[in-house]
>>> print(open('structure-v7.txt').read())   # compact mmCIF, C-alpha atoms
# COMPACT_ATOMS: atom_id res chain seq x y z
CA MET J 1 -205.04 13.49 -175.06
CA LEU J 2 -203.59 14.25 -178.50
CA ALA J 3 -206.26 16.87 -179.22
CA ALA J 4 -205.61 18.65 -175.95
CA GLN J 5 -201.85 18.65 -176.53
CA LEU J 6 -202.33 20.01 -180.05
CA VAL J 7 -204.51 22.84 -178.81
CA ARG J 8 -202.04 23.76 -176.07
CA ALA J 9 -199.08 23.70 -178.46
CA SER J 10 -200.89 25.67 -181.14
CA PHE J 11 -202.22 28.40 -178.87
CA ALA J 12 -198.97 28.66 -176.96
CA LEU J 13 -197.30 29.55 -180.23
CA ARG J 14 -199.61 31.99 -181.93
CA ARG J 15 -201.36 35.30 -181.36
CA VAL J 16 -204.27 35.82 -183.70
CA ASP J 17 -204.66 39.02 -185.67
CA ALA J 18 -208.44 39.13 -186.04
CA ARG J 19 -208.41 41.81 -188.69
CA ARG J 20 -206.18 39.92 -191.10
CA GLY J 21 -207.00 36.38 -190.00
CA GLN J 22 -203.31 35.60 -189.62
CA GLY J 23 -201.31 34.68 -186.55
CA THR J 24 -197.84 35.71 -185.58
CA LEU J 25 -195.12 33.86 -183.78
CA PRO J 26 -192.38 35.48 -181.75
CA GLY J 27 -189.48 35.73 -184.17
CA VAL J 28 -191.41 34.19 -187.08
CA GLN J 29 -190.91 35.41 -190.61
CA THR J 30 -194.03 34.46 -192.57
CA LYS J 31 -192.34 35.32 -195.87
CA PRO J 32 -190.01 32.64 -197.25
CA ARG J 33 -186.39 33.19 -196.32
CA PRO J 34 -183.61 32.48 -198.77
CA MET J 35 -182.21 28.99 -198.40
CA PRO J 36 -178.82 28.90 -196.65
CA PRO J 37 -175.91 28.08 -198.97
CA HIS J 38 -175.40 24.65 -197.41
CA VAL J 39 -178.99 23.54 -198.16
CA ALA J 40 -178.56 23.23 -201.90
CA GLU J 41 -181.07 21.95 -204.43
CA SER J 42 -178.29 19.82 -205.85
CA LYS J 43 -176.93 16.87 -203.90
CA LYS J 44 -173.40 17.69 -205.02
CA LEU J 45 -171.38 18.53 -201.95
CA ALA J 46 -168.26 20.68 -201.77
CA ILE J 47 -165.34 20.34 -199.37
CA ALA J 48 -166.98 22.98 -197.15
CA ASP J 49 -170.02 20.72 -196.79
CA PHE J 50 -167.87 17.78 -195.77
CA GLU J 51 -166.07 19.97 -193.27
CA ARG J 52 -169.32 21.21 -191.75
CA ILE J 53 -170.80 17.72 -191.47
CA TYR J 54 -167.59 16.31 -190.02
CA ARG J 55 -167.36 19.15 -187.51
CA SER J 56 -170.88 18.48 -186.29
CA LEU J 57 -170.32 14.74 -186.00
CA ARG J 58 -166.97 15.13 -184.25
CA ARG J 59 -168.27 17.84 -181.91
CA ILE J 60 -171.08 15.58 -180.70
CA ARG J 61 -168.80 12.55 -180.34
CA ARG J 62 -166.13 14.36 -178.36
CA ALA J 63 -168.59 16.26 -176.17
CA GLU J 64 -170.29 13.03 -175.20
CA GLU J 65 -167.00 11.25 -174.61
CA GLU J 66 -166.17 14.04 -172.18
CA VAL J 67 -169.56 13.59 -170.51
CA ALA J 68 -168.72 9.91 -170.09
CA ARG J 69 -165.32 10.80 -168.63
CA ILE J 70 -166.71 13.30 -166.14
CA TYR J 71 -169.81 11.37 -165.11
CA PRO J 72 -168.17 9.06 -162.50
CA THR J 73 -166.93 12.13 -160.57
CA ASP J 74 -170.54 13.00 -159.65
CA LYS J 75 -170.13 16.53 -161.01
CA ILE J 76 -172.87 15.77 -163.52
CA LYS J 77 -176.09 15.78 -161.52
CA SER J 78 -178.48 13.97 -163.84
CA PRO J 79 -178.62 10.61 -165.63
CA VAL J 80 -177.18 10.73 -169.14
CA HIS J 81 -178.39 8.91 -172.24
CA LEU J 82 -175.50 9.18 -174.69
CA SER J 83 -175.81 9.29 -178.46
CA ILE J 84 -172.33 7.92 -179.13
CA GLY J 85 -172.71 5.88 -182.32
CA GLN J 86 -176.00 7.54 -183.27
CA GLU J 87 -174.66 11.00 -184.18
CA ALA J 88 -175.30 10.62 -187.91
CA VAL J 89 -179.08 10.66 -187.47
CA SER J 90 -179.24 14.13 -185.95
CA VAL J 91 -176.48 15.56 -188.12
CA GLY J 92 -177.90 14.23 -191.39
CA VAL J 93 -181.31 15.72 -190.70
CA CYS J 94 -180.35 18.98 -189.03
CA ASP J 95 -177.84 19.85 -191.75
CA VAL J 96 -180.70 20.51 -194.19
CA LEU J 97 -182.84 22.54 -191.77
CA ARG J 98 -182.95 26.31 -191.58
CA PRO J 99 -182.35 28.17 -188.32
CA GLU J 100 -186.07 28.93 -187.98
CA ASP J 101 -187.08 25.28 -188.38
CA VAL J 102 -187.95 23.40 -185.20
CA VAL J 103 -186.58 20.15 -183.82
CA SER J 104 -188.32 18.00 -181.23
CA PRO J 105 -185.65 15.66 -179.84
CA THR J 106 -185.96 12.37 -178.01
CA TYR J 107 -184.75 12.23 -174.41
CA ARG J 108 -181.49 10.84 -175.83
CA GLY J 109 -181.21 14.34 -177.14
CA HIS J 110 -177.65 15.65 -176.76
CA ALA J 111 -176.90 14.95 -180.44
CA THR J 112 -179.98 16.73 -181.80
CA TYR J 113 -179.39 19.67 -179.46
CA MET J 114 -175.82 20.07 -180.71
CA ALA J 115 -176.59 19.36 -184.36
CA LYS J 116 -179.23 22.12 -184.35
CA GLY J 117 -176.66 24.57 -182.98
CA GLY J 118 -177.27 24.37 -179.25
CA PRO J 119 -174.32 25.91 -177.34
CA LEU J 120 -172.00 23.61 -175.41
CA ARG J 121 -171.59 25.93 -172.44
CA GLU J 122 -175.26 25.81 -171.57
CA LEU J 123 -175.44 22.07 -172.25
CA PHE J 124 -172.65 21.19 -169.83
CA ALA J 125 -173.93 23.69 -167.27
CA GLU J 126 -177.35 22.03 -167.38
CA MET J 127 -175.89 18.60 -166.76
CA TYR J 128 -173.88 20.05 -163.88
CA GLY J 129 -177.14 21.38 -162.42
CA LYS J 130 -175.94 24.97 -162.70
CA ALA J 131 -178.08 28.09 -163.01
CA THR J 132 -176.49 28.94 -166.37
CA GLY J 133 -177.79 25.74 -167.96
CA VAL J 134 -180.41 25.74 -170.72
CA ALA J 135 -183.11 24.85 -168.18
CA GLY J 136 -181.57 26.77 -165.31
CA GLY J 137 -180.03 23.61 -163.89
CA LYS J 138 -183.47 22.21 -163.07
CA GLY J 139 -183.97 19.87 -166.03
CA GLY J 140 -180.77 17.96 -166.56
CA SER J 141 -179.68 15.86 -169.50
CA MET J 142 -183.12 14.61 -170.52
CA HIS J 143 -184.88 18.00 -170.42
CA LEU J 144 -182.96 20.23 -172.82
CA ILE J 145 -184.62 23.25 -174.37
CA ASP J 146 -183.23 26.17 -176.34
CA MET J 147 -185.86 28.19 -178.16
CA SER J 148 -183.21 30.60 -179.44
CA HIS J 149 -182.22 27.71 -181.71
CA ASN J 150 -185.78 26.36 -182.02
CA ILE J 151 -185.07 23.26 -179.96
CA ILE J 152 -188.29 22.49 -178.11
CA GLY J 153 -188.06 20.82 -174.74
CA THR J 154 -187.16 17.17 -174.52
CA SER J 155 -188.90 14.86 -172.09
CA ALA J 156 -188.00 11.71 -170.20
CA VAL J 157 -191.47 10.31 -170.89
CA VAL J 158 -191.29 8.18 -174.04
CA GLY J 159 -193.20 9.52 -177.04
CA THR J 160 -194.54 12.67 -175.44
CA THR J 161 -192.66 15.12 -177.67
CA ILE J 162 -194.21 13.69 -180.85
CA PRO J 163 -197.61 15.42 -180.45
CA LEU J 164 -195.85 18.63 -179.45
CA ALA J 165 -194.09 18.55 -182.80
CA ILE J 166 -197.47 18.05 -184.46
CA GLY J 167 -198.80 21.13 -182.66
CA TYR J 168 -195.93 23.24 -183.97
CA ALA J 169 -196.40 21.89 -187.49
CA LEU J 170 -200.13 22.64 -187.36
CA THR J 171 -199.40 26.20 -186.31
CA PHE J 172 -196.84 26.68 -189.08
CA LYS J 173 -199.34 25.49 -191.66
CA ARG J 174 -202.12 27.74 -190.39
CA LEU J 175 -199.80 30.72 -190.35
CA ARG J 176 -198.45 29.82 -193.78
CA ALA J 177 -195.02 30.12 -192.23
CA ASP J 178 -192.28 28.61 -194.36
CA ARG J 179 -191.05 26.41 -191.51
CA VAL J 180 -190.89 22.68 -190.86
CA VAL J 181 -190.56 20.47 -187.79
CA ALA J 182 -188.31 17.42 -187.35
CA SER J 183 -189.56 15.04 -184.67
CA PHE J 184 -186.95 12.58 -183.35
CA PHE J 185 -187.89 9.50 -181.32
CA GLY J 186 -186.66 5.99 -180.62
CA ASP J 187 -188.09 2.69 -181.82
CA GLY J 188 -189.73 2.22 -178.42
CA ALA J 189 -191.82 5.37 -178.94
CA THR J 190 -193.45 3.83 -182.01
CA GLU J 191 -195.26 1.48 -179.63
CA GLU J 192 -197.04 4.36 -177.91
CA GLY J 193 -200.58 5.15 -178.99
CA VAL J 194 -199.78 8.81 -179.49
CA PHE J 195 -197.38 7.85 -182.30
CA THR J 196 -200.11 6.42 -184.53
CA GLU J 197 -202.50 9.22 -183.55
CA SER J 198 -199.88 11.74 -184.61
CA LEU J 199 -199.20 9.96 -187.92
CA ASN J 200 -202.88 10.01 -188.77
CA PHE J 201 -203.34 13.68 -187.84
CA ALA J 202 -200.22 14.79 -189.70
CA SER J 203 -201.21 12.92 -192.85
CA LEU J 204 -204.83 14.06 -192.71
CA HIS J 205 -203.80 17.72 -192.54
CA LYS J 206 -200.61 17.44 -194.66
CA LEU J 207 -198.49 18.97 -191.93
CA PRO J 208 -194.83 19.96 -192.48
CA VAL J 209 -193.38 17.42 -190.06
CA LEU J 210 -190.52 15.01 -190.64
CA PHE J 211 -190.82 11.91 -188.46
CA VAL J 212 -187.34 10.55 -187.67
CA CYS J 213 -187.20 7.18 -185.91
CA GLU J 214 -183.80 6.42 -184.39
CA ASN J 215 -184.12 2.64 -184.45
CA ASN J 216 -181.25 1.29 -182.34
CA TYR J 217 -183.04 -2.07 -181.95
CA TYR J 218 -183.60 -1.85 -178.19
CA ALA J 219 -186.14 -0.30 -175.86
CA ILE J 220 -183.83 -0.07 -172.85
CA HIS J 221 -182.72 -3.74 -172.81
CA THR J 222 -185.57 -5.38 -174.74
CA PRO J 223 -184.82 -6.11 -178.41
CA ILE J 224 -187.25 -5.52 -181.25
CA THR J 225 -187.54 -9.26 -181.82
CA LYS J 226 -189.30 -9.58 -178.47
CA ARG J 227 -191.52 -6.53 -179.00
CA TRP J 228 -192.59 -6.38 -182.64
CA ALA J 229 -194.53 -9.07 -184.50
CA THR J 230 -192.79 -7.84 -187.66
CA GLN J 231 -190.01 -5.36 -188.31
CA ARG J 232 -191.88 -3.75 -191.22
CA LEU J 233 -192.18 -0.38 -189.51
CA CYS J 234 -192.14 1.61 -192.76
CA GLU J 235 -194.91 -0.57 -194.10
CA ARG J 236 -197.06 0.18 -191.06
CA VAL J 237 -196.44 3.91 -191.34
CA GLY J 238 -197.15 3.81 -195.07
CA THR J 239 -200.75 2.76 -194.42
CA TYR J 240 -201.38 6.35 -193.31
CA GLY J 241 -200.43 7.61 -196.75
CA ILE J 242 -197.07 8.92 -195.56
CA PRO J 243 -193.98 8.46 -197.77
CA THR J 244 -191.41 6.34 -195.94
CA HIS J 245 -187.68 5.72 -196.21
CA GLN J 246 -185.38 3.30 -194.42
CA ILE J 247 -181.68 4.03 -193.98
CA ASP J 248 -180.23 0.76 -192.77
CA ASP J 249 -176.50 1.49 -192.70
CA GLY J 250 -176.25 4.77 -190.79
CA ASP J 251 -174.74 6.62 -193.76
CA VAL J 252 -174.93 10.32 -192.88
CA LEU J 253 -174.79 11.51 -196.50
CA LYS J 254 -177.49 9.10 -197.61
CA LEU J 255 -179.69 10.27 -194.74
CA ARG J 256 -178.96 13.90 -195.58
CA ASP J 257 -180.08 13.38 -199.18
CA VAL J 258 -183.35 11.76 -198.08
CA ALA J 259 -183.98 14.46 -195.49
CA ALA J 260 -183.26 17.23 -198.02
CA ASP J 261 -185.83 15.84 -200.45
CA ALA J 262 -188.36 15.34 -197.66
CA VAL J 263 -187.97 18.88 -196.30
CA ALA J 264 -188.19 20.39 -199.77
CA GLY J 265 -191.46 18.55 -200.35
CA MET J 266 -192.88 19.71 -197.04
CA ARG J 267 -192.08 23.31 -197.95
CA ARG J 268 -194.13 22.76 -201.12
CA GLY J 269 -197.08 21.63 -199.00
CA GLU J 270 -196.77 17.91 -199.74
CA GLY J 271 -197.17 16.84 -196.12
CA PRO J 272 -195.25 14.63 -193.71
CA VAL J 273 -192.47 12.13 -194.40
CA PHE J 274 -191.19 9.28 -192.23
CA ILE J 275 -187.57 8.09 -192.07
CA GLU J 276 -186.53 4.98 -190.18
CA CYS J 277 -182.84 5.40 -189.37
CA ARG J 278 -181.33 2.14 -188.25
CA THR J 279 -178.46 2.88 -185.92
CA TYR J 280 -176.71 1.48 -182.86
CA ARG J 281 -175.75 2.95 -179.50
CA TRP J 282 -172.25 2.08 -178.39
CA ARG J 283 -172.74 2.71 -174.68
CA GLU J 284 -175.27 1.46 -172.14
CA HIS J 285 -178.88 2.64 -172.23
CA VAL J 286 -178.24 5.17 -169.49
CA GLY J 287 -174.76 5.96 -168.24
CA PRO J 288 -171.20 6.29 -169.54
CA ASN J 289 -170.07 2.67 -169.82
CA GLU J 290 -170.27 -0.22 -172.23
CA ASP J 291 -172.71 -2.99 -171.29
CA PHE J 292 -171.90 -5.94 -173.54
CA GLU J 293 -171.33 -8.13 -170.49
CA SER J 294 -174.89 -7.56 -169.26
CA GLY J 295 -176.30 -10.48 -171.22
CA TYR J 296 -178.87 -8.76 -173.43
CA ARG J 297 -176.62 -8.08 -176.46
CA GLU J 298 -173.27 -9.20 -177.83
CA ARG J 299 -170.23 -7.09 -178.63
CA THR J 300 -170.08 -8.74 -182.05
CA ASP J 301 -173.29 -6.81 -182.87
CA LEU J 302 -171.34 -3.59 -182.47
CA GLU J 303 -168.45 -4.47 -184.78
CA PRO J 304 -170.15 -3.62 -188.13
CA TRP J 305 -171.16 -0.23 -186.74
CA LEU J 306 -167.62 0.47 -185.56
CA GLU J 307 -166.35 -0.29 -189.06
CA ALA J 308 -168.94 2.06 -190.57
CA ASP J 309 -168.33 4.85 -188.01
CA GLN J 310 -169.49 8.04 -189.70
CA VAL J 311 -167.17 10.28 -187.69
CA ALA J 312 -164.14 8.44 -189.01
CA SER J 313 -165.65 8.09 -192.48
CA MET J 314 -166.31 11.80 -192.89
CA GLY J 315 -162.96 12.70 -191.34
CA ALA J 316 -161.19 10.57 -193.92
CA ARG J 317 -162.66 12.74 -196.68
CA LEU J 318 -160.79 15.81 -195.43
CA PRO J 319 -157.15 16.85 -195.81
CA VAL J 320 -155.30 15.81 -192.66
CA GLU J 321 -154.18 19.32 -191.78
CA ARG J 322 -157.73 20.67 -192.11
CA ARG J 323 -159.18 17.83 -190.03
CA ASP J 324 -156.58 18.43 -187.33
CA MET J 325 -157.49 22.12 -187.24
CA ILE J 326 -161.19 21.32 -186.82
CA ASP J 327 -160.40 18.79 -184.09
CA ALA J 328 -158.32 21.33 -182.20
CA GLU J 329 -161.07 23.95 -182.40
CA ILE J 330 -163.59 21.45 -181.04
CA GLU J 331 -161.31 20.52 -178.15
CA ARG J 332 -160.96 24.19 -177.19
CA GLU J 333 -164.72 24.70 -177.33
CA ILE J 334 -165.37 21.66 -175.13
CA ALA J 335 -162.71 22.66 -172.61
CA ASP J 336 -164.24 26.14 -172.42
CA ALA J 337 -167.73 24.66 -171.90
CA ILE J 338 -166.58 22.39 -169.10
CA GLN J 339 -164.77 25.24 -167.36
CA PHE J 340 -167.89 27.40 -167.73
CA ALA J 341 -169.96 24.68 -166.07
CA GLU J 342 -167.40 24.26 -163.30
CA ASP J 343 -167.33 28.01 -162.57
CA SER J 344 -171.08 28.64 -162.80
CA PRO J 345 -173.21 28.96 -159.65
CA PHE J 346 -175.90 26.54 -158.56
CA PRO J 347 -179.47 27.90 -158.71
CA GLU J 348 -180.70 29.90 -155.76
CA SER J 349 -183.36 28.27 -153.61
CA LYS J 350 -186.04 30.65 -154.91
CA ALA J 351 -185.68 28.97 -158.32
CA LEU J 352 -187.72 26.10 -156.87
CA TYR J 353 -190.78 28.30 -157.25
CA THR J 354 -190.20 29.54 -160.79
CA ASN J 355 -191.73 27.93 -163.90
CA VAL J 356 -194.10 25.91 -161.73
CA TYR J 357 -197.23 27.57 -163.13
CA ALA J 358 -197.86 29.31 -166.45
CA GLY J 359 -196.56 32.88 -166.32
CA ASN J 360 -194.54 32.17 -163.18
>>> encode(input="structure-v7.txt", output="structure tokens")
Amino acid sequence: MLAAQLVRASFALRRVDARRGQGTLPGVQTKPRPMPPHVAESKKLAIADFERIYRSLRRIRRAEEEVARIYPTDKIKSPVHLSIGQEAVSVGVCDVLRPEDVVSPTYRGHATYMAKGGPLRELFAEMYGKATGVAGGKGGSMHLIDMSHNIIGTSAVVGTTIPLAIGYALTFKRLRADRVVASFFGDGATEEGVFTESLNFASLHKLPVLFVCENNYYAIHTPITKRWATQRLCERVGTYGIPTHQIDDGDVLKLRDVAADAVAGMRRGEGPVFIECRTYRWREHVGPNEDFESGYRERTDLEPWLEADQVASMGARLPVERRDMIDAEIEREIADAIQFAEDSPFPESKALYTNVYAGN
């Protein structure tokens, strides 16, 4: 299955120039682009960096809080898997990526979509089932895609986006394109066979792919302690010859530093890197509410993560007046996105027949 998925992903991306032996991708620059100012070789951050990171964290948090507020009205037409509490993973990684780099999010993908620059209007419209959504209102919350920002489609099937990321990384290496892929997935996806197949393939071919495991300790309602014989995930990944890192406190700046080093190494041709990001979701597995009365976890487990909340932590680094200005801008953007979703039309019935077959 992995081989077939790799072939499909690779050939979907490239057109081969037989005379030169090089492929081309739509929109690909095969020559290295200058690194954006915010992706610095040095780990010294300026106030502008803190502002950017805070804005991204806060934007995700507030957008998802609004999703949770709206959801009971039935205006949102798909299930929602919220990233509230897990924002730092996507922000820490995406902050060191270039626009042309690709992300392959998990189905709990709102945070990665937003951290990579996905527009809020199209996100809310998609959840509303409107024609102006990123998937034309046909995909919903778990099937976000925005190739204008190099966000490949998410999937509700656990683990299936990992080999797609491998296919993109393989193509980038063969084209000698100075691009990398960040593949996000939950701890449950590491139990799928395609995960280990992908690790082996990526290591064997030294592909420019960053594996990012969002380990929130639960696969739906089943804790790791009932699923894993050991919790030495990095050790298991390391047997494939892949450098591994574990961030156990959710620190967005620590994660950013690790991701920056990993991405720089991949651009030098050093191959894949794996990061286990221990984190914690504050809401239920699917839906807008808390679920600490459900019997599978205790609210006391949440308390350390509330105290270490990265949104509040990064906000505290900024002057109050500047933080208030950023917050106000975010509120206006979210209000505009919700109104856009409210005003947008539903898809026409003929949309049922589009995108069913290749080329359709």
>>> residues_near_point(input="structure-v7.txt", point="(-170.1, 28.9, -162.5)", cutoff="9 Å", atoms="all atoms listed in the file", output="PDB file with C-alpha atoms, in the coordinates of the input")
ATOM      1  CA  ALA J 125    -173.930  23.690-167.270  1.00  0.00           C
ATOM      2  CA  LYS J 130    -175.940  24.970-162.700  1.00  0.00           C
ATOM      3  CA  ALA J 131    -178.080  28.090-163.010  1.00  0.00           C
ATOM      4  CA  THR J 132    -176.490  28.940-166.370  1.00  0.00           C
ATOM      5  CA  GLN J 339    -164.770  25.240-167.360  1.00  0.00           C
ATOM      6  CA  PHE J 340    -167.890  27.400-167.730  1.00  0.00           C
ATOM      7  CA  ALA J 341    -169.960  24.680-166.070  1.00  0.00           C
ATOM      8  CA  GLU J 342    -167.400  24.260-163.300  1.00  0.00           C
ATOM      9  CA  ASP J 343    -167.330  28.010-162.570  1.00  0.00           C
ATOM     10  CA  SER J 344    -171.080  28.640-162.800  1.00  0.00           C
ATOM     11  CA  PRO J 345    -173.210  28.960-159.650  1.00  0.00           C
ATOM     12  CA  PHE J 346    -175.900  26.540-158.560  1.00  0.00           C
TER      13      PHE J 346
END
>>> closest_residue(input="structure-v7.txt", among="J:Ile151, J:Leu253, J:Ile162, J:Ala316", to="Asp95 in chain J", atoms="all atoms listed in the file")
J:Leu253
>>> residues_around(input="structure-v7.txt", residues="range 305-308 of chain J", least_positions_apart="3", cutoff="8 Å", atoms="all atoms listed in the file", output="list in words")
Gly85, Asp249, Gly250, Thr279, Tyr280, Asp301, Leu302 and Ser313 of chain J
>>> atom_distance(input="structure-v7.txt", atom1="CA of Ser183 in chain J", atom2="CA of Thr106 in chain J")
8.0 Å
>>> closest_residue(input="structure-v7.txt", among="J:Ile53, J:Leu123, J:Ala115, J:Val311", to="Ile76 in chain J", atoms="all atoms listed in the file")
J:Leu123
>>> decode(input="structure-v7.txt", residues="range 87-103 of chain J", atoms="N, CA and C atoms", output="PDB file, in the first residue's frame")
ATOM      1  N   GLU J  87      -2.052  24.071  20.580  1.00  0.00           N
ATOM      2  CA  GLU J  87      -1.660  25.039  19.551  1.00  0.00           C
ATOM      3  C   GLU J  87      -0.144  25.157  19.372  1.00  0.00           C
ATOM      4  N   ALA J  88       0.604  24.994  20.457  1.00  0.00           N
ATOM      5  CA  ALA J  88       2.044  25.235  20.413  1.00  0.00           C
ATOM      6  C   ALA J  88       2.758  24.295  19.450  1.00  0.00           C
ATOM      7  N   VAL J  89       2.224  23.100  19.254  1.00  0.00           N
ATOM      8  CA  VAL J  89       2.888  22.143  18.367  1.00  0.00           C
ATOM      9  C   VAL J  89       2.933  22.689  16.941  1.00  0.00           C
ATOM     10  N   SER J  90       1.783  23.052  16.421  1.00  0.00           N
ATOM     11  CA  SER J  90       1.725  23.560  15.050  1.00  0.00           C
ATOM     12  C   SER J  90       2.470  24.876  14.903  1.00  0.00           C
ATOM     13  N   VAL J  91       2.308  25.765  15.869  1.00  0.00           N
ATOM     14  CA  VAL J  91       2.941  27.081  15.766  1.00  0.00           C
ATOM     15  C   VAL J  91       4.455  26.959  15.845  1.00  0.00           C
ATOM     16  N   GLY J  92       4.958  26.160  16.773  1.00  0.00           N
ATOM     17  CA  GLY J  92       6.404  26.010  16.918  1.00  0.00           C
ATOM     18  C   GLY J  92       7.074  25.474  15.675  1.00  0.00           C
ATOM     19  N   VAL J  93       6.419  24.534  15.003  1.00  0.00           N
ATOM     20  CA  VAL J  93       6.986  23.945  13.790  1.00  0.00           C
ATOM     21  C   VAL J  93       6.800  24.871  12.589  1.00  0.00           C
ATOM     22  N   CYS J  94       5.576  25.334  12.382  1.00  0.00           N
ATOM     23  CA  CYS J  94       5.294  26.115  11.179  1.00  0.00           C
ATOM     24  C   CYS J  94       6.018  27.450  11.163  1.00  0.00           C
ATOM     25  N   ASP J  95       6.398  27.963  12.324  1.00  0.00           N
ATOM     26  CA  ASP J  95       7.075  29.255  12.366  1.00  0.00           C
ATOM     27  C   ASP J  95       8.441  29.209  11.698  1.00  0.00           C
ATOM     28  N   VAL J  96       9.041  28.032  11.560  1.00  0.00           N
ATOM     29  CA  VAL J  96      10.363  27.941  10.937  1.00  0.00           C
ATOM     30  C   VAL J  96      10.286  27.424   9.507  1.00  0.00           C
ATOM     31  N   LEU J  97       9.077  27.221   8.988  1.00  0.00           N
ATOM     32  CA  LEU J  97       8.928  26.767   7.609  1.00  0.00           C
ATOM     33  C   LEU J  97       8.836  27.949   6.655  1.00  0.00           C
ATOM     34  N   ARG J  98       9.184  27.721   5.419  1.00  0.00           N
ATOM     35  CA  ARG J  98       9.022  28.716   4.375  1.00  0.00           C
ATOM     36  C   ARG J  98       7.652  28.544   3.720  1.00  0.00           C
ATOM     37  N   PRO J  99       7.163  29.561   3.019  1.00  0.00           N
ATOM     38  CA  PRO J  99       5.862  29.431   2.372  1.00  0.00           C
ATOM     39  C   PRO J  99       5.768  28.232   1.434  1.00  0.00           C
ATOM     40  N   GLU J 100       6.870  27.894   0.741  1.00  0.00           N
ATOM     41  CA  GLU J 100       6.831  26.804  -0.223  1.00  0.00           C
ATOM     42  C   GLU J 100       6.966  25.423   0.414  1.00  0.00           C
ATOM     43  N   ASP J 101       7.266  25.362   1.696  1.00  0.00           N
ATOM     44  CA  ASP J 101       7.315  24.078   2.390  1.00  0.00           C
ATOM     45  C   ASP J 101       5.898  23.540   2.587  1.00  0.00           C
ATOM     46  N   VAL J 102       5.797  22.237   2.710  1.00  0.00           N
ATOM     47  CA  VAL J 102       4.496  21.569   2.768  1.00  0.00           C
ATOM     48  C   VAL J 102       4.214  21.067   4.180  1.00  0.00           C
ATOM     49  N   VAL J 103       2.960  21.163   4.606  1.00  0.00           N
ATOM     50  CA  VAL J 103       2.532  20.525   5.844  1.00  0.00           C
ATOM     51  C   VAL J 103       1.455  19.498   5.527  1.00  0.00           C
TER      52      VAL J 103
END
